[in-house]
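Data from upload-v8.cif: mmCIF, C-alpha atoms and all ligand atoms
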data_model
#
loop_
_atom_site.label_atom_id
_atom_site.label_comp_id
_atom_site.auth_asym_id
_atom_site.auth_seq_id
_atom_site.Cartn_x
_atom_site.Cartn_y
_atom_site.Cartn_z
CA MET S 1 -10.54 -16.87 -21.39
CA ARG S 2 -13.11 -14.72 -23.08
CA LYS S 3 -12.57 -11.19 -24.12
CA ARG S 4 -15.27 -8.73 -23.48
CA ASN S 5 -15.66 -6.29 -26.28
CA GLY S 6 -17.31 -3.71 -24.09
CA LEU S 7 -14.42 -3.87 -21.70
CA LEU S 8 -11.79 -3.58 -24.39
CA GLY S 9 -13.56 -0.49 -25.69
CA ALA S 10 -13.64 0.96 -22.21
CA LEU S 11 -9.98 0.20 -21.61
CA SER S 12 -9.04 2.09 -24.74
CA LYS S 13 -10.21 5.23 -22.95
CA LEU S 14 -7.83 4.67 -20.04
CA ARG S 15 -4.08 4.66 -19.65
CA THR S 16 -3.18 0.99 -19.34
CA TYR S 17 -0.22 -1.35 -19.52
CA PRO S 18 -0.94 -4.90 -20.68
CA LEU S 19 0.93 -7.41 -18.52
CA ASP S 20 -0.51 -10.32 -20.47
CA ASP S 21 -3.26 -10.72 -23.10
CA ASN S 22 -5.93 -10.40 -20.46
CA VAL S 23 -4.30 -8.67 -17.51
CA TYR S 24 -3.87 -4.91 -17.46
CA LEU S 25 -2.46 -2.38 -15.07
CA ILE S 26 -4.73 0.66 -15.18
CA ILE S 27 -2.93 3.83 -14.21
CA GLY S 28 -4.86 5.96 -11.74
CA LYS S 29 -5.49 9.68 -11.85
CA ASN S 30 -2.38 11.84 -11.43
CA SER S 31 -0.33 8.94 -12.80
CA GLY S 32 -1.48 6.81 -9.89
CA THR S 33 0.35 8.88 -7.32
CA PHE S 34 -1.18 9.42 -3.88
CA PRO S 35 -4.08 10.21 -3.19
CA PHE S 36 -4.86 7.87 -6.13
CA SER S 37 -3.55 4.43 -6.98
CA ASN S 38 -3.33 2.02 -9.91
CA SER S 39 -5.58 -1.02 -10.27
CA LEU S 40 -4.97 -4.44 -11.73
CA LEU S 41 -7.68 -5.60 -14.12
CA ILE S 42 -8.00 -9.35 -14.67
CA MET S 43 -10.16 -10.12 -17.67
CA ASP S 44 -10.97 -13.79 -17.17
CA GLU S 45 -14.26 -15.72 -16.91
CA GLU S 46 -14.80 -13.24 -14.15
CA VAL S 47 -13.62 -9.70 -14.51
CA VAL S 48 -11.74 -8.72 -11.39
CA LEU S 49 -10.40 -5.35 -10.36
CA ILE S 50 -7.79 -5.21 -7.61
CA ASP S 51 -8.21 -1.95 -5.68
CA SER S 52 -10.53 0.92 -6.49
CA GLY S 53 -8.42 4.05 -6.06
CA LEU S 54 -8.15 5.08 -9.73
CA GLY S 55 -10.40 8.07 -9.23
CA ASP S 56 -14.16 8.03 -9.76
CA GLU S 57 -14.13 9.38 -13.34
CA LEU S 58 -11.84 6.54 -14.43
CA LEU S 59 -13.79 3.92 -12.50
CA GLN S 60 -17.03 5.04 -14.16
CA VAL S 61 -15.56 4.00 -17.52
CA ILE S 62 -15.20 0.33 -16.49
CA LYS S 63 -17.52 -0.15 -13.56
CA ASP S 64 -20.34 -1.92 -15.41
CA GLU S 65 -17.91 -4.52 -16.75
CA VAL S 66 -16.34 -5.49 -13.43
CA ASP S 67 -17.70 -8.51 -11.51
CA ILE S 68 -15.55 -8.43 -8.38
CA VAL S 69 -13.38 -5.88 -6.60
CA LEU S 70 -10.59 -7.12 -4.35
CA ASN S 71 -8.80 -4.86 -1.89
CA SER S 72 -5.08 -5.35 -1.40
CA HIS S 73 -5.43 -3.55 1.94
CA TYR S 74 -7.64 -1.01 3.68
CA HIS S 75 -5.83 2.27 2.97
CA ILE S 76 -8.07 5.02 1.66
CA ASP S 77 -6.21 5.53 -1.64
CA HIS S 78 -6.98 1.89 -2.52
CA ILE S 79 -10.60 1.59 -1.45
CA LEU S 80 -12.20 4.91 -2.29
CA GLY S 81 -14.22 3.59 -5.24
CA ASN S 82 -15.43 0.40 -3.52
CA TYR S 83 -18.88 1.91 -3.14
CA LEU S 84 -19.39 1.77 -6.93
CA PHE S 85 -19.26 -2.05 -7.02
CA LYS S 86 -21.55 -4.81 -5.77
CA GLU S 87 -19.04 -7.55 -5.07
CA LEU S 88 -16.16 -6.72 -2.70
CA TRP S 89 -13.59 -9.16 -1.32
CA VAL S 90 -11.45 -8.17 1.64
CA VAL S 91 -8.76 -10.02 3.62
CA ASP S 92 -9.87 -11.34 7.02
CA ALA S 93 -7.46 -9.23 9.09
CA GLU S 94 -9.04 -6.06 7.69
CA GLU S 95 -12.65 -7.17 7.65
CA GLY S 96 -15.04 -4.34 8.42
CA VAL S 97 -12.39 -1.61 8.53
CA THR S 98 -14.02 0.34 5.70
CA SER S 99 -17.58 -0.30 6.87
CA SER S 100 -17.68 3.03 8.70
CA PHE S 101 -15.48 6.08 9.10
CA GLU S 102 -15.23 5.37 12.84
CA SER S 103 -13.89 1.87 12.28
CA TYR S 104 -11.49 3.21 9.63
CA LYS S 105 -10.10 5.81 12.04
CA ARG S 106 -9.90 3.29 14.87
CA TYR S 107 -7.99 0.75 12.78
CA ALA S 108 -5.66 3.42 11.40
CA GLY S 109 -4.81 4.35 15.00
CA ILE S 110 -6.16 7.89 14.77
CA LEU S 111 -8.69 7.75 17.60
CA GLY S 112 -7.53 8.73 21.06
CA THR S 113 -4.15 10.02 19.93
CA GLY S 114 -4.79 13.77 20.02
CA ILE S 115 -3.99 13.87 16.30
CA GLU S 116 -7.56 13.33 15.08
CA GLN S 117 -8.37 16.98 14.24
CA ASP S 118 -5.10 17.48 12.37
CA TRP S 119 -5.50 14.17 10.59
CA LEU S 120 -9.08 15.06 9.58
CA GLU S 121 -7.91 18.36 8.15
CA TRP S 122 -5.45 16.54 5.91
CA PHE S 123 -7.88 13.71 5.12
CA HIS S 124 -10.79 15.90 4.03
CA GLU S 125 -8.57 17.92 1.76
CA HIS S 126 -8.08 14.78 -0.36
CA PHE S 127 -10.87 12.34 0.36
CA LYS S 128 -14.56 11.91 0.93
CA PHE S 129 -14.98 8.71 2.90
CA ARG S 130 -17.70 6.36 1.65
CA ALA S 131 -18.42 3.23 3.60
CA SER S 132 -18.10 -0.14 1.89
CA SER S 133 -18.66 -3.61 3.28
CA PRO S 134 -17.19 -6.85 1.99
CA THR S 135 -19.38 -9.50 0.40
CA ARG S 136 -16.66 -12.08 0.89
CA ILE S 137 -13.73 -12.38 3.29
CA PHE S 138 -10.62 -14.12 2.04
CA LYS S 139 -7.73 -15.67 3.93
CA PRO S 140 -4.08 -14.64 3.57
CA ASN S 141 -2.39 -16.83 0.93
CA GLU S 142 -5.73 -18.00 -0.44
CA VAL S 143 -5.73 -18.97 -4.12
CA PHE S 144 -8.42 -17.62 -6.44
CA LYS S 145 -9.36 -19.21 -9.74
CA PHE S 146 -11.15 -16.69 -11.90
CA GLY S 147 -11.25 -18.93 -15.01
CA GLU S 148 -7.96 -19.60 -16.69
CA THR S 149 -5.85 -17.52 -14.35
CA GLU S 150 -5.03 -18.43 -10.77
CA TRP S 151 -4.01 -15.79 -8.29
CA ILE S 152 -2.37 -16.23 -4.91
CA ALA S 153 -3.13 -13.53 -2.35
CA VAL S 154 0.45 -13.37 -1.02
CA HIS S 155 0.27 -12.14 2.55
CA THR S 156 2.84 -9.36 2.86
CA PRO S 157 2.16 -7.58 6.15
CA GLY S 158 4.10 -4.61 7.44
CA HIS S 159 2.60 -1.75 5.47
CA SER S 160 -0.70 -2.85 7.00
CA PRO S 161 -1.53 -6.04 8.92
CA GLY S 162 -3.52 -7.64 6.11
CA HIS S 163 -1.64 -6.29 3.09
CA CYS S 164 -1.61 -8.77 0.19
CA CYS S 165 0.19 -8.89 -3.12
CA PHE S 166 -1.34 -10.93 -5.94
CA TYR S 167 0.68 -13.46 -7.94
CA GLU S 168 -0.18 -15.47 -11.03
CA PRO S 169 2.33 -18.35 -11.14
CA LYS S 170 1.82 -19.58 -14.73
CA ARG S 171 2.30 -16.12 -16.15
CA LYS S 172 4.80 -15.00 -13.47
CA LEU S 173 2.90 -11.78 -12.87
CA MET S 174 3.05 -9.94 -9.57
CA PHE S 175 0.87 -7.07 -8.42
CA SER S 176 2.67 -5.87 -5.32
CA SER S 177 0.32 -3.04 -4.36
CA ASP S 178 1.97 -0.76 -1.76
CA LEU S 179 5.24 -2.61 -1.76
CA ASP S 180 5.36 -0.04 -4.49
CA LEU S 181 9.08 0.20 -5.37
CA THR S 182 8.95 4.01 -5.48
CA SER S 183 12.00 6.09 -4.61
CA PHE S 184 10.10 7.40 -1.56
CA GLY S 185 10.50 3.94 -0.09
CA PRO S 186 8.47 1.75 2.27
CA TRP S 187 5.77 3.47 4.31
CA TYR S 188 4.81 2.29 7.80
CA GLY S 189 3.28 5.41 9.31
CA ASN S 190 0.24 3.93 11.08
CA PRO S 191 0.58 2.42 14.55
CA ASN S 192 -0.55 -0.98 13.22
CA ALA S 193 2.20 -1.05 10.60
CA ASN S 194 5.19 -3.23 11.45
CA LEU S 195 8.76 -2.59 10.32
CA TYR S 196 10.01 -6.14 10.96
CA ASP S 197 7.14 -7.57 8.92
CA PHE S 198 7.75 -5.06 6.14
CA ILE S 199 11.39 -6.14 5.82
CA GLU S 200 10.37 -9.82 5.71
CA SER S 201 7.62 -9.12 3.17
CA ILE S 202 10.02 -7.42 0.74
CA LYS S 203 12.41 -10.38 1.08
CA LYS S 204 9.53 -12.79 0.57
CA LEU S 205 8.62 -11.15 -2.75
CA SER S 206 12.15 -11.73 -4.05
CA ASP S 207 11.53 -15.48 -3.77
CA PHE S 208 8.90 -15.40 -6.52
CA GLN S 209 9.77 -15.84 -10.16
CA MET S 210 8.56 -12.70 -11.85
CA ASP S 211 8.52 -11.67 -15.48
CA VAL S 212 6.77 -8.47 -14.53
CA ILE S 213 5.91 -6.64 -11.33
CA ALA S 214 3.22 -3.98 -11.25
CA THR S 215 2.64 -1.75 -8.25
CA SER S 216 0.01 0.67 -7.05
CA HIS S 217 2.00 3.82 -7.69
CA MET S 218 4.33 3.15 -10.63
CA ILE S 219 4.38 1.82 -14.16
CA PRO S 220 5.16 -1.92 -14.45
CA LEU S 221 8.71 -3.16 -14.29
CA LYS S 222 9.95 -6.00 -16.49
CA LYS S 223 13.69 -5.86 -15.92
CA ASN S 224 15.96 -5.89 -12.87
CA ILE S 225 13.06 -6.72 -10.59
CA ASN S 226 15.16 -8.20 -7.82
CA GLN S 227 17.48 -5.21 -7.90
CA ALA S 228 14.46 -2.91 -7.58
CA LEU S 229 13.27 -4.88 -4.55
CA GLU S 230 16.72 -4.73 -3.00
CA ASP S 231 16.95 -0.98 -3.58
CA TYR S 232 13.52 -0.56 -2.03
CA LEU S 233 14.51 -2.60 1.03
CA ASN S 234 17.76 -0.68 1.36
CA ILE S 235 15.85 2.57 1.83
CA ILE S 236 14.86 1.20 5.26
CA PHE S 237 18.48 0.53 6.15
CA GLU S 238 19.56 3.94 4.81
CA ARG S 239 16.99 5.50 7.15
CA ASP S 240 18.59 3.49 9.98
CA GLU S 241 22.02 4.87 9.09
CA ARG S 242 20.78 8.45 9.02
CA ILE S 243 19.11 8.00 12.40
CA LEU S 244 22.29 6.53 13.91
CA LYS S 245 24.39 9.40 12.60
CA ILE S 246 22.01 12.04 13.96
CA LEU S 247 21.75 10.23 17.30
CA GLU S 248 25.45 10.64 17.93
CA ASN S 249 23.91 13.60 19.74
CA GLU S 250 21.31 12.54 22.26
CA MET S 251 17.83 13.82 21.45
CA THR S 252 14.10 13.26 21.77
CA ILE S 253 11.98 11.71 19.04
CA GLU S 254 10.25 15.09 18.52
CA GLU S 255 13.64 16.62 17.75
CA LEU S 256 14.50 13.73 15.44
CA VAL S 257 11.35 14.40 13.38
CA LYS S 258 12.80 17.80 12.43
CA TYR S 259 15.65 16.15 10.51
CA ASP S 260 13.25 15.21 7.67
CA ILE S 261 14.37 11.60 7.41
CA ILE S 262 11.00 10.57 5.95
CA TYR S 263 9.15 13.69 4.81
CA LYS S 264 10.33 17.09 3.66
CA GLU S 265 9.57 20.00 5.92
CA GLU S 266 6.89 21.44 3.61
CA GLN S 267 4.97 18.14 3.64
CA LYS S 268 4.82 18.43 7.41
CA ARG S 269 2.67 21.55 7.20
CA TYR S 270 0.05 18.95 8.04
CA LYS S 271 0.66 17.82 11.59
CA ALA S 272 -0.62 14.41 10.49
CA PHE S 273 2.56 13.97 8.44
CA ALA S 274 4.77 14.78 11.42
CA TRP S 275 2.76 12.15 13.29
CA PHE S 276 3.26 9.58 10.49
CA GLU S 277 6.97 10.37 10.55
CA GLN S 278 7.16 10.03 14.31
CA ASN S 279 5.42 6.64 14.10
CA MET S 280 7.92 5.47 11.51
CA LEU S 281 10.92 6.75 13.45
CA LYS S 282 9.63 5.02 16.60
CA LYS S 283 9.62 1.71 14.74
CA HIS S 284 13.21 2.30 13.65
CA LEU S 285 14.26 3.24 17.18
CA ASP S 286 12.61 0.16 18.70
CA ARG S 287 14.38 -2.03 16.16
CA LEU S 288 17.74 -0.27 16.63
CA MET S 289 17.46 -0.70 20.40
CA GLU S 290 16.73 -4.38 19.87
CA LEU S 291 19.92 -4.53 17.77
CA ASP S 292 21.86 -2.74 20.56
CA LYS S 293 22.65 0.18 18.28
CA VAL S 294 20.61 2.76 20.18
CA GLU S 295 19.90 3.25 23.85
CA ARG S 296 17.11 4.98 25.67
CA THR S 297 18.32 7.91 27.79
CA GLU S 298 16.59 10.15 30.28
CA ALA S 299 16.08 12.81 27.61
CA GLY S 300 15.43 10.56 24.64
CA TYR S 301 17.71 8.38 22.54
CA ARG S 302 21.39 8.04 21.78
CA ALA S 303 23.38 5.91 19.33
CA LEU S 304 25.71 3.34 20.91
ZN ZN S 401 -1.25 1.61 1.60
#

Re-express the file's structure as structure tokens.
Amino acid sequence: MRKRNGLLGALSKLRTYPLDDNVYLIIGKNSGTFPFSNSLLIMDEEVVLIDSGLGDELLQVIKDEVDIVLNSHYHIDHILGNYLFKELWVVDAEEGVTSSFESYKRYAGILGTGIEQDWLEWFHEHFKFRASSPTRIFKPNEVFKFGETEWIAVHTPGHSPGHCCFYEPKRKLMFSSDLDLTSFGPWYGNPNANLYDFIESIKKLSDFQMDVIATSHMIPLKKNINQALEDYLNIIFERDERILKILENEMTIEELVKYDIIYKEEQKRYKAFAWFEQNMLKKHLDRLMELDKVERTEAGYRAL
């Protein structure tokens, strides 16, 4: 593995956590919290950056040293800086999603829902969409050899259909992207997100041997990793419990949104957030009906 002096100099200007001699988590703007995200930098024969949501000023510091950008998934806070790089690898399920704003909105389920204007208002407050097209499409669970390191693109759908985590088996490093282990918990607010898949993906991660796990919105974790994954998974089940308690009184999903199970009331000043919440609650309700814990009524839903 060769070190690149220029890159090391550049990294010294950024907030980073070394996960290994040549693998760094770079913390995004605003500590990598939304609307930004952290990136993984792999400094091997090829220099690879996973995700490009650090913020443009931070990306400018390293952009000339990076050979390839990989996207863990299509969400805007992970792909916003793609346009700065020549080589872009994207998972097959999400091929072309970021190639135009129309395709982005279509894939995110915004078009034809009546929410588009409200969603745009929120979106443009944080982001300026720039199209980016992949130069290579990879397959879920494909293995990449960038020199000395080998990375498995672990398919972990649920948050988005193509979402991948990246695992280096010899070094037991995991970059789990938006299986982000934050106290907010799992997010599945787009129509194409899948709650069942999300649960299975969190369980799947626990099967890997990990000395360190780095995520898109937190600092890396070296201890109690399985406990952190379990706590993260349990947030889904705690949401279930809250829904069941509230649904002791029959109500509609619109009424259920007002109980702030996912977002606080002030966050829902954007109607888009109420829509995200409603999408998430719908996935819980569908699953709870499947488990015979909730029934559909004429007016809405009721716990059984
Ligand atoms: Zn995401």

Computed gap from atom CA of S:Thr98 to atom CA of S:Phe138 is 15.3 Å

Go through chain S and flag each residue having an atom no more than 8 Å from ligand ZN 401 (chain S); for those, report the closest pair of atoms plus their distance in Å to one decimal, using all atoms listed in the file, ordered by chain and rising number, as a Markdown table.
| residue | atom | partner | partner_atom | distance |
| --- | --- | --- | --- | --- |
| S:His73 | CA | S:ZN401 | ZN | 6.6 |
| S:Tyr74 | CA | S:ZN401 | ZN | 7.2 |
| S:His75 | CA | S:ZN401 | ZN | 4.8 |
| S:Ile76 | CA | S:ZN401 | ZN | 7.6 |
| S:Asp77 | CA | S:ZN401 | ZN | 7.1 |
| S:His78 | CA | S:ZN401 | ZN | 7.1 |
| S:His159 | CA | S:ZN401 | ZN | 6.4 |
| S:Ser160 | CA | S:ZN401 | ZN | 7.0 |
| S:Ser177 | CA | S:ZN401 | ZN | 7.7 |
| S:Asp178 | CA | S:ZN401 | ZN | 5.2 |
| S:Trp187 | CA | S:ZN401 | ZN | 7.8 |

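Across the model, the gap from atom CA of S:Val69 to atom CA of S:Gly147 is 15.7 Å.
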
Show me, as JSON lines, the residues of stretch 140-235 of chain S having an atom within 7 Å of stretch 42-55 of chain S, each with the closest atom pair and its distance in Å, using all atoms listed in the file.
{"residue": "S:Phe146", "atom": "CA", "partner": "S:Glu46", "partner_atom": "CA", "distance": 5.5}
{"residue": "S:Gly147", "atom": "CA", "partner": "S:Glu45", "partner_atom": "CA", "distance": 4.8}
{"residue": "S:Glu148", "atom": "CA", "partner": "S:Asp44", "partner_atom": "CA", "distance": 6.6}
{"residue": "S:Thr149", "atom": "CA", "partner": "S:Asp44", "partner_atom": "CA", "distance": 6.9}

Write out, as an mmCIF file, in the frame of the given file, the residues just selected, with C-alpha atoms.
data_model
loop_
_atom_site.group_PDB
_atom_site.id
_atom_site.type_symbol
_atom_site.label_atom_id
_atom_site.label_comp_id
_atom_site.auth_asym_id
_atom_site.auth_seq_id
_atom_site.Cartn_x
_atom_site.Cartn_y
_atom_site.Cartn_z
ATOM 1 C CA PHE S 146 -11.150 -16.690 -11.900
ATOM 2 C CA GLY S 147 -11.250 -18.930 -15.010
ATOM 3 C CA GLU S 148 -7.960 -19.600 -16.690
ATOM 4 C CA THR S 149 -5.850 -17.520 -14.350
#

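Among the candidates S:Arg4, S:Lys172, S:Arg136, S:Lys293, the one nearest to S:Val90 when counting all atoms listed in the file is S:Arg136.
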
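Every protein, DNA or RNA residue with an atom at most 9 Å from S:Ala93, where all atoms listed in the file count and chain neighbours fewer than 3 positions away do not, is listed here: Val90, Lys139, Pro140, Pro161, Gly162 and His163 of chain S.
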
Please dump the current selection as a compact mmCIF listing (two decimals), keeping the file's coordinate frame; keep C-alpha atoms.
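Generated output (part-v2.txt):
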# COMPACT_ATOMS: atom_id res chain seq x y z
CA VAL S 90 -11.45 -8.17 1.64
CA LYS S 139 -7.73 -15.67 3.93
CA PRO S 140 -4.08 -14.64 3.57
CA PRO S 161 -1.53 -6.04 8.92
CA GLY S 162 -3.52 -7.64 6.11
CA HIS S 163 -1.64 -6.29 3.09

Quick one: of S:Met218, S:Ile236, S:Met210, S:Ala303, who's nearest to S:Thr16, counting only C-alpha atoms?
S:Met218

Determine, for each residue of stretch 105-163 of chain S having at least one atom at most 12 Å from an atom of stretch 27-41 of chain S, the closest pair of atoms and their separation in Å to one decimal, counting all atoms listed in the file; order by chain and ascending number, as a tab-separated table.
residue	atom	partner	partner_atom	distance
S:Trp122	CA	S:Pro35	CA	11.2
S:Phe123	CA	S:Pro35	CA	9.8
S:His124	CA	S:Pro35	CA	11.4
S:Glu125	CA	S:Pro35	CA	10.2
S:His126	CA	S:Pro35	CA	6.7
S:Phe127	CA	S:Pro35	CA	8.0
S:Lys128	CA	S:Pro35	CA	11.4
S:Phe146	CA	S:Leu41	CA	11.8
S:Trp151	CA	S:Leu40	CA	11.9

Counting only C-alpha atoms, find the residues whose atoms lie at most 9 Å from (1.0, -16.3, -4.9) (file coordinates) and write them out as a VMD selection string.
chain S and resid 141 to 143 150 to 155 165 to 169 174 208

Nearest-residue call for S:Ser132, choices S:Leu111, S:Cys164, S:Leu70, S:Leu80, using only C-alpha atoms:
S:Leu80

Counting only C-alpha atoms, what is within 7 Å of S:Glu87, bar same-chain residues fewer than 6 positions away, as a ChimeraX atom specification?
/S:67-69,135

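Here the question is which of S:Gln60, S:Thr113, S:Ser216, S:Asn82 gets nearest to S:Ile26 using all atoms listed in the file, and that residue is S:Ser216.
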
Take stretch 203-230 of chain S, model N, CA and C atoms, and hand the result over as a PDB file, keeping the file's coordinate frame.
ATOM      1  N   LYS S 203      11.546  -9.223   1.365  1.00  0.00           N
ATOM      2  CA  LYS S 203      12.410 -10.380   1.080  1.00  0.00           C
ATOM      3  C   LYS S 203      11.596 -11.530   0.488  1.00  0.00           C
ATOM      4  N   LYS S 204      10.398 -11.714   1.038  1.00  0.00           N
ATOM      5  CA  LYS S 204       9.530 -12.790   0.570  1.00  0.00           C
ATOM      6  C   LYS S 204       9.197 -12.627  -0.922  1.00  0.00           C
ATOM      7  N   LEU S 205       8.953 -11.394  -1.343  1.00  0.00           N
ATOM      8  CA  LEU S 205       8.620 -11.150  -2.750  1.00  0.00           C
ATOM      9  C   LEU S 205       9.753 -11.578  -3.675  1.00  0.00           C
ATOM     10  N   SER S 206      10.993 -11.373  -3.216  1.00  0.00           N
ATOM     11  CA  SER S 206      12.150 -11.730  -4.050  1.00  0.00           C
ATOM     12  C   SER S 206      12.195 -13.222  -4.352  1.00  0.00           C
ATOM     13  N   ASP S 207      11.508 -14.031  -3.551  1.00  0.00           N
ATOM     14  CA  ASP S 207      11.530 -15.480  -3.770  1.00  0.00           C
ATOM     15  C   ASP S 207      10.632 -15.923  -4.924  1.00  0.00           C
ATOM     16  N   PHE S 208       9.801 -15.029  -5.418  1.00  0.00           N
ATOM     17  CA  PHE S 208       8.900 -15.400  -6.520  1.00  0.00           C
ATOM     18  C   PHE S 208       9.595 -15.184  -7.859  1.00  0.00           C
ATOM     19  N   GLN S 209       9.295 -16.067  -8.791  1.00  0.00           N
ATOM     20  CA  GLN S 209       9.770 -15.840 -10.160  1.00  0.00           C
ATOM     21  C   GLN S 209       8.840 -14.841 -10.821  1.00  0.00           C
ATOM     22  N   MET S 210       9.410 -13.756 -11.287  1.00  0.00           N
ATOM     23  CA  MET S 210       8.560 -12.700 -11.850  1.00  0.00           C
ATOM     24  C   MET S 210       9.075 -12.260 -13.206  1.00  0.00           C
ATOM     25  N   ASP S 211       8.187 -12.267 -14.188  1.00  0.00           N
ATOM     26  CA  ASP S 211       8.520 -11.670 -15.480  1.00  0.00           C
ATOM     27  C   ASP S 211       8.140 -10.192 -15.473  1.00  0.00           C
ATOM     28  N   VAL S 212       7.169  -9.878 -14.639  1.00  0.00           N
ATOM     29  CA  VAL S 212       6.770  -8.470 -14.530  1.00  0.00           C
ATOM     30  C   VAL S 212       6.200  -8.228 -13.132  1.00  0.00           C
ATOM     31  N   ILE S 213       6.502  -7.054 -12.607  1.00  0.00           N
ATOM     32  CA  ILE S 213       5.910  -6.640 -11.330  1.00  0.00           C
ATOM     33  C   ILE S 213       5.221  -5.294 -11.564  1.00  0.00           C
ATOM     34  N   ALA S 214       3.967  -5.233 -11.135  1.00  0.00           N
ATOM     35  CA  ALA S 214       3.220  -3.980 -11.250  1.00  0.00           C
ATOM     36  C   ALA S 214       2.888  -3.535  -9.836  1.00  0.00           C
ATOM     37  N   THR S 215       2.925  -2.245  -9.592  1.00  0.00           N
ATOM     38  CA  THR S 215       2.640  -1.750  -8.250  1.00  0.00           C
ATOM     39  C   THR S 215       1.545  -0.682  -8.304  1.00  0.00           C
ATOM     40  N   SER S 216       1.129  -0.266  -7.137  1.00  0.00           N
ATOM     41  CA  SER S 216       0.010   0.670  -7.050  1.00  0.00           C
ATOM     42  C   SER S 216       0.361   2.101  -7.442  1.00  0.00           C
ATOM     43  N   HIS S 217       1.639   2.412  -7.476  1.00  0.00           N
ATOM     44  CA  HIS S 217       2.000   3.820  -7.690  1.00  0.00           C
ATOM     45  C   HIS S 217       3.111   4.020  -8.721  1.00  0.00           C
ATOM     46  N   MET S 218       3.291   3.029  -9.591  1.00  0.00           N
ATOM     47  CA  MET S 218       4.330   3.150 -10.630  1.00  0.00           C
ATOM     48  C   MET S 218       3.890   2.432 -11.885  1.00  0.00           C
ATOM     49  N   ILE S 219       4.644   2.622 -12.968  1.00  0.00           N
ATOM     50  CA  ILE S 219       4.380   1.820 -14.160  1.00  0.00           C
ATOM     51  C   ILE S 219       5.057   0.450 -13.964  1.00  0.00           C
ATOM     52  N   PRO S 220       4.599  -0.579 -14.691  1.00  0.00           N
ATOM     53  CA  PRO S 220       5.160  -1.920 -14.450  1.00  0.00           C
ATOM     54  C   PRO S 220       6.641  -2.016 -14.785  1.00  0.00           C
ATOM     55  N   LEU S 221       7.276  -2.952 -14.122  1.00  0.00           N
ATOM     56  CA  LEU S 221       8.710  -3.160 -14.290  1.00  0.00           C
ATOM     57  C   LEU S 221       8.926  -4.571 -14.818  1.00  0.00           C
ATOM     58  N   LYS S 222       9.713  -4.669 -15.905  1.00  0.00           N
ATOM     59  CA  LYS S 222       9.950  -6.000 -16.490  1.00  0.00           C
ATOM     60  C   LYS S 222      11.393  -6.444 -16.340  1.00  0.00           C
ATOM     61  N   LYS S 223      12.271  -5.513 -16.028  1.00  0.00           N
ATOM     62  CA  LYS S 223      13.690  -5.860 -15.920  1.00  0.00           C
ATOM     63  C   LYS S 223      14.204  -5.510 -14.538  1.00  0.00           C
ATOM     64  N   ASN S 224      15.276  -6.195 -14.144  1.00  0.00           N
ATOM     65  CA  ASN S 224      15.960  -5.890 -12.870  1.00  0.00           C
ATOM     66  C   ASN S 224      14.988  -5.813 -11.692  1.00  0.00           C
ATOM     67  N   ILE S 225      14.078  -6.744 -11.638  1.00  0.00           N
ATOM     68  CA  ILE S 225      13.060  -6.720 -10.590  1.00  0.00           C
ATOM     69  C   ILE S 225      13.680  -6.959  -9.208  1.00  0.00           C
ATOM     70  N   ASN S 226      14.567  -7.932  -9.128  1.00  0.00           N
ATOM     71  CA  ASN S 226      15.160  -8.200  -7.820  1.00  0.00           C
ATOM     72  C   ASN S 226      16.024  -7.048  -7.324  1.00  0.00           C
ATOM     73  N   GLN S 227      16.682  -6.387  -8.275  1.00  0.00           N
ATOM     74  CA  GLN S 227      17.480  -5.210  -7.900  1.00  0.00           C
ATOM     75  C   GLN S 227      16.558  -4.103  -7.365  1.00  0.00           C
ATOM     76  N   ALA S 228      15.414  -3.939  -8.018  1.00  0.00           N
ATOM     77  CA  ALA S 228      14.460  -2.910  -7.580  1.00  0.00           C
ATOM     78  C   ALA S 228      13.949  -3.217  -6.169  1.00  0.00           C
ATOM     79  N   LEU S 229      13.716  -4.504  -5.901  1.00  0.00           N
ATOM     80  CA  LEU S 229      13.270  -4.880  -4.550  1.00  0.00           C
ATOM     81  C   LEU S 229      14.370  -4.642  -3.525  1.00  0.00           C
ATOM     82  N   GLU S 230      15.592  -4.938  -3.925  1.00  0.00           N
ATOM     83  CA  GLU S 230      16.720  -4.730  -3.000  1.00  0.00           C
ATOM     84  C   GLU S 230      16.911  -3.235  -2.709  1.00  0.00           C
TER      85      GLU S 230
END
